[in-house]
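Printed here is model.pdb (PDB, C-alpha atoms):
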```
ATOM      1  CA  MET A   1      15.828  15.101   9.517  1.00  0.00           C
ATOM      2  CA  SER A   2      12.680  13.020   9.433  1.00  0.00           C
ATOM      3  CA  ILE A   3      12.597   9.951  11.665  1.00  0.00           C
ATOM      4  CA  THR A   4      11.224   6.493  10.958  1.00  0.00           C
ATOM      5  CA  SER A   5       8.247   4.958  12.723  1.00  0.00           C
ATOM      6  CA  ALA A   6      10.574   2.642  14.683  1.00  0.00           C
ATOM      7  CA  GLU A   7      12.611   5.651  15.804  1.00  0.00           C
ATOM      8  CA  ALA A   8       9.394   7.403  16.837  1.00  0.00           C
ATOM      9  CA  ALA A   9       8.345   4.373  18.897  1.00  0.00           C
ATOM     10  CA  LEU A  10      11.737   4.396  20.617  1.00  0.00           C
ATOM     11  CA  LEU A  11      11.614   8.140  21.264  1.00  0.00           C
ATOM     12  CA  GLY A  12       8.102   7.683  22.646  1.00  0.00           C
ATOM     13  CA  LEU A  13       9.489   5.336  25.290  1.00  0.00           C
ATOM     14  CA  LEU A  14      12.166   7.887  26.162  1.00  0.00           C
ATOM     15  CA  THR A  15       9.546  10.623  26.662  1.00  0.00           C
ATOM     16  CA  GLU A  16       8.616   8.643  29.788  1.00  0.00           C
ATOM     17  CA  GLY A  17      12.100   9.243  31.214  1.00  0.00           C
ATOM     18  CA  PRO A  18      15.741   8.212  30.795  1.00  0.00           C
ATOM     19  CA  LYS A  19      16.293   4.498  30.161  1.00  0.00           C
ATOM     20  CA  HIS A  20      19.047   2.037  29.418  1.00  0.00           C
ATOM     21  CA  PRO A  21      18.659  -0.249  26.358  1.00  0.00           C
ATOM     22  CA  TYR A  22      17.754  -3.355  28.376  1.00  0.00           C
ATOM     23  CA  GLN A  23      15.014  -1.399  30.143  1.00  0.00           C
ATOM     24  CA  ILE A  24      13.703  -0.275  26.742  1.00  0.00           C
ATOM     25  CA  GLU A  25      13.700  -3.911  25.578  1.00  0.00           C
ATOM     26  CA  LYS A  26      11.715  -4.936  28.675  1.00  0.00           C
ATOM     27  CA  ASP A  27       9.168  -2.162  27.985  1.00  0.00           C
ATOM     28  CA  VAL A  28       8.814  -3.353  24.376  1.00  0.00           C
ATOM     29  CA  GLN A  29       8.226  -6.937  25.564  1.00  0.00           C
ATOM     30  CA  PHE A  30       5.843  -6.027  28.410  1.00  0.00           C
ATOM     31  CA  ARG A  31       3.766  -3.745  26.215  1.00  0.00           C
ATOM     32  CA  ASP A  32       3.666  -6.217  23.328  1.00  0.00           C
ATOM     33  CA  MET A  33       5.068  -3.512  21.062  1.00  0.00           C
ATOM     34  CA  ARG A  34       6.530  -5.974  18.555  1.00  0.00           C
ATOM     35  CA  PHE A  35       3.019  -6.355  17.112  1.00  0.00           C
ATOM     36  CA  TRP A  36       2.877  -2.693  16.120  1.00  0.00           C
ATOM     37  CA  THR A  37       6.513  -1.562  15.932  1.00  0.00           C
ATOM     38  CA  GLU A  38       9.735  -2.780  14.387  1.00  0.00           C
ATOM     39  CA  LEU A  39      11.697  -2.709  17.643  1.00  0.00           C
ATOM     40  CA  SER A  40      13.861  -5.783  18.130  1.00  0.00           C
ATOM     41  CA  MET A  41      16.682  -5.862  20.685  1.00  0.00           C
ATOM     42  CA  SER A  42      19.309  -5.356  17.972  1.00  0.00           C
ATOM     43  CA  ALA A  43      17.244  -2.564  16.399  1.00  0.00           C
ATOM     44  CA  ILE A  44      17.065  -0.739  19.738  1.00  0.00           C
ATOM     45  CA  TYR A  45      20.857  -0.474  19.989  1.00  0.00           C
ATOM     46  CA  LYS A  46      21.233   0.485  16.322  1.00  0.00           C
ATOM     47  CA  LEU A  47      18.498   3.136  16.521  1.00  0.00           C
ATOM     48  CA  LEU A  48      19.859   4.595  19.760  1.00  0.00           C
ATOM     49  CA  ARG A  49      23.254   5.106  18.098  1.00  0.00           C
ATOM     50  CA  LYS A  50      21.596   6.715  15.054  1.00  0.00           C
ATOM     51  CA  LEU A  51      19.402   8.964  17.212  1.00  0.00           C
ATOM     52  CA  GLU A  52      22.417   9.958  19.310  1.00  0.00           C
ATOM     53  CA  GLU A  53      24.343  10.936  16.151  1.00  0.00           C
ATOM     54  CA  ALA A  54      21.349  13.042  15.076  1.00  0.00           C
ATOM     55  CA  GLU A  55      21.329  14.603  18.574  1.00  0.00           C
ATOM     56  CA  TYR A  56      17.774  13.389  19.212  1.00  0.00           C
ATOM     57  CA  VAL A  57      18.931  11.486  22.280  1.00  0.00           C
ATOM     58  CA  SER A  58      21.748  12.086  24.718  1.00  0.00           C
ATOM     59  CA  CYS A  59      23.676   9.403  26.525  1.00  0.00           C
ATOM     60  CA  GLU A  60      25.262   9.307  29.951  1.00  0.00           C
ATOM     61  CA  THR A  61      27.212   6.448  31.457  1.00  0.00           C
ATOM     62  CA  GLU A  62      26.446   5.380  34.994  1.00  0.00           C
ATOM     63  CA  VAL A  63      28.084   2.740  37.144  1.00  0.00           C
ATOM     64  CA  THR A  64      25.749   0.052  38.492  1.00  0.00           C
ATOM     65  CA  GLU A  65      25.895  -1.502  41.966  1.00  0.00           C
ATOM     66  CA  GLU A  66      27.763  -4.401  40.328  1.00  0.00           C
ATOM     67  CA  ASN A  67      30.420  -1.880  39.246  1.00  0.00           C
ATOM     68  CA  ARG A  68      29.503  -2.106  35.548  1.00  0.00           C
ATOM     69  CA  ALA A  69      29.168   0.793  33.151  1.00  0.00           C
ATOM     70  CA  ARG A  70      25.683   1.252  31.746  1.00  0.00           C
ATOM     71  CA  LYS A  71      24.513   3.773  29.155  1.00  0.00           C
ATOM     72  CA  ILE A  72      21.371   5.731  29.982  1.00  0.00           C
ATOM     73  CA  TYR A  73      19.589   7.485  27.110  1.00  0.00           C
ATOM     74  CA  SER A  74      17.372  10.570  27.322  1.00  0.00           C
ATOM     75  CA  ILE A  75      15.391  12.358  24.653  1.00  0.00           C
ATOM     76  CA  THR A  76      16.655  15.850  23.757  1.00  0.00           C
ATOM     77  CA  GLU A  77      14.589  18.904  22.826  1.00  0.00           C
ATOM     78  CA  GLU A  78      15.453  18.249  19.175  1.00  0.00           C
ATOM     79  CA  GLY A  79      14.336  14.655  19.643  1.00  0.00           C
ATOM     80  CA  GLU A  80      11.027  15.758  21.142  1.00  0.00           C
ATOM     81  CA  THR A  81      10.457  18.097  18.195  1.00  0.00           C
ATOM     82  CA  ALA A  82      11.220  15.347  15.656  1.00  0.00           C
ATOM     83  CA  PHE A  83       9.006  12.937  17.631  1.00  0.00           C
ATOM     84  CA  ARG A  84       6.041  15.318  17.659  1.00  0.00           C
ATOM     85  CA  GLU A  85       6.469  16.044  13.944  1.00  0.00           C
ATOM     86  CA  LYS A  86       6.471  12.310  13.161  1.00  0.00           C
ATOM     87  CA  LEU A  87       3.318  11.715  15.234  1.00  0.00           C
ATOM     88  CA  ALA A  88       1.525  14.513  13.387  1.00  0.00           C
ATOM     89  CA  GLU A  89       2.719  13.085  10.047  1.00  0.00           C
ATOM     90  CA  ILE A  90       1.565   9.562  10.925  1.00  0.00           C
ATOM     91  CA  LEU A  91      -1.919  10.759  11.842  1.00  0.00           C
ATOM     92  CA  LEU A  92      -2.372  12.772   8.633  1.00  0.00           C
ATOM     93  CA  GLU A  93      -2.887   9.799   6.339  1.00  0.00           C
ATOM     94  CA  PRO A  94      -4.614   6.511   7.233  1.00  0.00           C
ATOM     95  CA  GLU A  95      -2.590   3.487   6.201  1.00  0.00           C
ATOM     96  CA  HIS A  96      -3.830   0.931   3.745  1.00  0.00           C
ATOM     97  CA  VAL A  97      -4.304  -2.275   5.686  1.00  0.00           C
ATOM     98  CA  ARG A  98      -2.780  -5.317   3.998  1.00  0.00           C
ATOM     99  CA  TRP A  99      -4.230  -8.618   5.011  1.00  0.00           C
ATOM    100  CA  GLN A 100      -2.512 -11.803   3.861  1.00  0.00           C
ATOM    101  CA  ALA A 101      -5.968 -13.378   3.794  1.00  0.00           C
ATOM    102  CA  ASP A 102      -6.834 -11.166   0.810  1.00  0.00           C
ATOM    103  CA  ILE A 103      -4.730 -13.488  -1.367  1.00  0.00           C
ATOM    104  CA  ALA A 104      -6.993 -16.363  -0.350  1.00  0.00           C
ATOM    105  CA  PHE A 105     -10.218 -14.361  -0.692  1.00  0.00           C
ATOM    106  CA  TYR A 106      -9.243 -13.199  -4.172  1.00  0.00           C
ATOM    107  CA  ASN A 107      -8.614 -16.776  -5.295  1.00  0.00           C
ATOM    108  CA  LEU A 108     -11.225 -18.598  -3.215  1.00  0.00           C
ATOM    109  CA  ASP A 109     -13.071 -19.755  -6.327  1.00  0.00           C
ATOM    110  CA  VAL A 110     -10.439 -22.476  -6.867  1.00  0.00           C
ATOM    111  CA  PHE A 111     -12.389 -24.398  -4.209  1.00  0.00           C
ATOM    112  CA  ASP A 112     -15.938 -25.652  -4.409  1.00  0.00           C
ATOM    113  CA  LYS A 113     -18.649 -23.732  -2.575  1.00  0.00           C
ATOM    114  CA  GLU A 114     -18.754 -26.093   0.429  1.00  0.00           C
ATOM    115  CA  MET A 115     -14.993 -25.885   0.940  1.00  0.00           C
ATOM    116  CA  GLN A 116     -15.074 -22.080   0.608  1.00  0.00           C
ATOM    117  CA  LEU A 117     -17.707 -21.826   3.325  1.00  0.00           C
ATOM    118  CA  ALA A 118     -15.912 -24.303   5.585  1.00  0.00           C
ATOM    119  CA  MET A 119     -12.647 -22.363   5.261  1.00  0.00           C
ATOM    120  CA  LEU A 120     -14.387 -19.053   5.921  1.00  0.00           C
ATOM    121  CA  ARG A 121     -16.115 -20.481   9.015  1.00  0.00           C
ATOM    122  CA  ASP A 122     -12.687 -21.581  10.323  1.00  0.00           C
ATOM    123  CA  TYR A 123     -11.258 -18.160   9.536  1.00  0.00           C
ATOM    124  CA  ARG A 124     -14.123 -16.475  11.383  1.00  0.00           C
ATOM    125  CA  ARG A 125     -13.671 -18.794  14.385  1.00  0.00           C
ATOM    126  CA  ASN A 126     -10.021 -17.732  14.585  1.00  0.00           C
ATOM    127  CA  ILE A 127     -11.033 -14.068  14.368  1.00  0.00           C
ATOM    128  CA  VAL A 128     -13.374 -14.549  17.328  1.00  0.00           C
ATOM    129  CA  LYS A 129     -10.526 -16.224  19.223  1.00  0.00           C
ATOM    130  CA  LYS A 130      -8.223 -13.259  18.504  1.00  0.00           C
ATOM    131  CA  ILE A 131     -10.936 -10.829  19.667  1.00  0.00           C
ATOM    132  CA  SER A 132     -11.141 -12.764  22.927  1.00  0.00           C
ATOM    133  CA  GLU A 133      -7.353 -12.550  23.367  1.00  0.00           C
ATOM    134  CA  TYR A 134      -7.422  -8.793  22.853  1.00  0.00           C
ATOM    135  CA  ARG A 135     -10.313  -8.508  25.323  1.00  0.00           C
ATOM    136  CA  ASP A 136      -8.130 -10.369  27.858  1.00  0.00           C
ATOM    137  CA  LEU A 137      -5.319  -7.897  27.196  1.00  0.00           C
ATOM    138  CA  GLU A 138      -7.759  -5.016  27.589  1.00  0.00           C
ATOM    139  CA  THR A 139      -8.888  -6.415  30.968  1.00  0.00           C
ATOM    140  CA  PHE A 140      -5.276  -6.813  32.091  1.00  0.00           C
ATOM    141  CA  LEU A 141      -4.483  -3.227  31.123  1.00  0.00           C
ATOM    142  CA  LEU A 142      -7.606  -1.927  32.861  1.00  0.00           C
ATOM    143  CA  ASP A 143      -6.719  -3.880  36.008  1.00  0.00           C
ATOM    144  CA  SER A 144      -3.195  -2.420  35.793  1.00  0.00           C
ATOM    145  CA  LYS A 145      -4.674   1.104  35.774  1.00  0.00           C
ATOM    146  CA  CYS A 146      -3.119   1.695  32.368  1.00  0.00           C
ATOM    147  CA  SER A 147      -3.704   5.092  30.767  1.00  0.00           C
ATOM    148  CA  ILE A 148      -6.125   5.380  27.860  1.00  0.00           C
ATOM    149  CA  TYR A 149      -3.337   5.765  25.289  1.00  0.00           C
ATOM    150  CA  PRO A 150      -1.682   2.337  25.619  1.00  0.00           C
ATOM    151  CA  LEU A 151      -5.145   0.893  26.304  1.00  0.00           C
ATOM    152  CA  SER A 152      -6.244   2.121  22.871  1.00  0.00           C
ATOM    153  CA  ILE A 153      -3.648  -0.189  21.279  1.00  0.00           C
ATOM    154  CA  SER A 154      -5.449  -3.203  22.773  1.00  0.00           C
ATOM    155  CA  ARG A 155      -8.885  -1.907  21.795  1.00  0.00           C
ATOM    156  CA  ARG A 156      -8.213  -0.927  18.180  1.00  0.00           C
ATOM    157  CA  PRO A 157      -7.618  -4.495  16.947  1.00  0.00           C
ATOM    158  CA  ILE A 158     -10.908  -5.516  18.588  1.00  0.00           C
ATOM    159  CA  TYR A 159     -12.780  -3.026  16.426  1.00  0.00           C
ATOM    160  CA  LEU A 160     -10.856  -4.031  13.299  1.00  0.00           C
ATOM    161  CA  LEU A 161     -11.418  -7.749  13.895  1.00  0.00           C
ATOM    162  CA  GLU A 162     -15.103  -7.246  14.691  1.00  0.00           C
ATOM    163  CA  GLY A 163     -15.426  -5.445  11.348  1.00  0.00           C
ATOM    164  CA  GLU A 164     -13.607  -8.345   9.655  1.00  0.00           C
ATOM    165  CA  ALA A 165     -16.038 -10.836  11.253  1.00  0.00           C
ATOM    166  CA  ARG A 166     -19.030  -8.830   9.959  1.00  0.00           C
ATOM    167  CA  TRP A 167     -17.465  -8.709   6.501  1.00  0.00           C
ATOM    168  CA  ILE A 168     -16.913 -12.503   6.552  1.00  0.00           C
ATOM    169  CA  ASP A 169     -20.578 -12.999   7.516  1.00  0.00           C
ATOM    170  CA  ASP A 170     -21.678 -10.914   4.531  1.00  0.00           C
ATOM    171  CA  PHE A 171     -19.192 -12.622   2.200  1.00  0.00           C
ATOM    172  CA  MET A 172     -20.445 -16.075   3.246  1.00  0.00           C
ATOM    173  CA  LYS A 173     -24.029 -14.970   2.526  1.00  0.00           C
ATOM    174  CA  GLU A 174     -22.964 -13.876  -0.960  1.00  0.00           C
ATOM    175  CA  ILE A 175     -21.289 -17.229  -1.578  1.00  0.00           C
ATOM    176  CA  GLN A 176     -24.361 -19.098  -0.322  1.00  0.00           C
ATOM    177  CA  ALA A 177     -26.511 -17.094  -2.727  1.00  0.00           C
ATOM    178  CA  LEU A 178     -24.437 -18.246  -5.741  1.00  0.00           C
TER     179      LEU A 178
END
```

Show me, as structure tokens, the structure contained in the file I just sent.
Amino acid sequence: MSITSAEAALLGLLTEGPKHPYQIEKDVQFRDMRFWTELSMSAIYKLLRKLEEAEYVSCETEVTEENRARKIYSITEEGETAFREKLAEILLEPEHVRWQADIAFYNLDVFDKEMQLAMLRDYRRNIVKKISEYRDLETFLLDSKCSIYPLSISRRPIYLLEGEARWIDDFMKEIQAL
């Protein structure tokens, strides 16, 4: 059975060791995974049940110090196999990036030239702001002695946004030349 990307993200967290759902939720929050996964708190519970039925995770119940039962999930060998297969599948084909801004770029000619350029300058300013935010995240992860793999998730958007800023610069030059 093939797994979804959200299931792969969840299994990836379990490759680090057994976890209870609340711990998984905290990892998702701390690592800002909602920007690149579809893991909400309710999805975590739903996916864990589905993965347990598929025998990709196993579940044990432990009793906490407060005398409460808590489920702890671990990835199984079958789960690791499915996880590795999904990672290989994901990396085979680059995704088409969909930018909501493309709707505006496609129809930008409904505005006069001055308004187009003003809007694109604002857009570019916000891109630069986002790059700065990702640089701050990168610094935090470096200071936290984060491994290169999670660190790459903070660096990739920097490269993408820098490319977008260069494209905006070229696009504004084309508009100015009209």

- prompt: Which neighbours of Cys59 in chain A fall inside 8 Å, counting all atoms listed in the file, when residues of the same chain fewer than 2 positions from it are skipped, and could you give them as a ChimeraX atom specification?
  reply: /A:52,57,61,71-74

message: On this structure, the PyMOL selection byres ((chain A and resi 129-142) around 8) would catch which residues? List them as a ChimeraX atom specification, sorted by chain and number.
response: /A:125-128,143-146,151,154-155,157-158,161-162

message: Show me, as a count of residues only, the residues that have an atom within 12 Å of Leu10 in chain A when counting all atoms listed in the file, minus same-chain residues fewer than 2 positions from it.
response: 45

statement: One decimal place gives the CA of Lys113 in chain A-CA of Leu178 in chain A separation as 8.6 Å

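The spacing separating CA of Asp122 in chain A from CA of Glu95 in chain A amounts to 27.3 Å.
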
message: Report, in Å to a single decimal, how far apart CA of Arg124 in chain A and CA of Tyr149 in chain A are.
response: 28.4 Å

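The shortest atom-to-atom distance to Leu120 in chain A, with all atoms listed in the file taken into account, belongs to A:Arg166 out of A:Lys26, A:Arg31, A:Arg166, A:Arg70.
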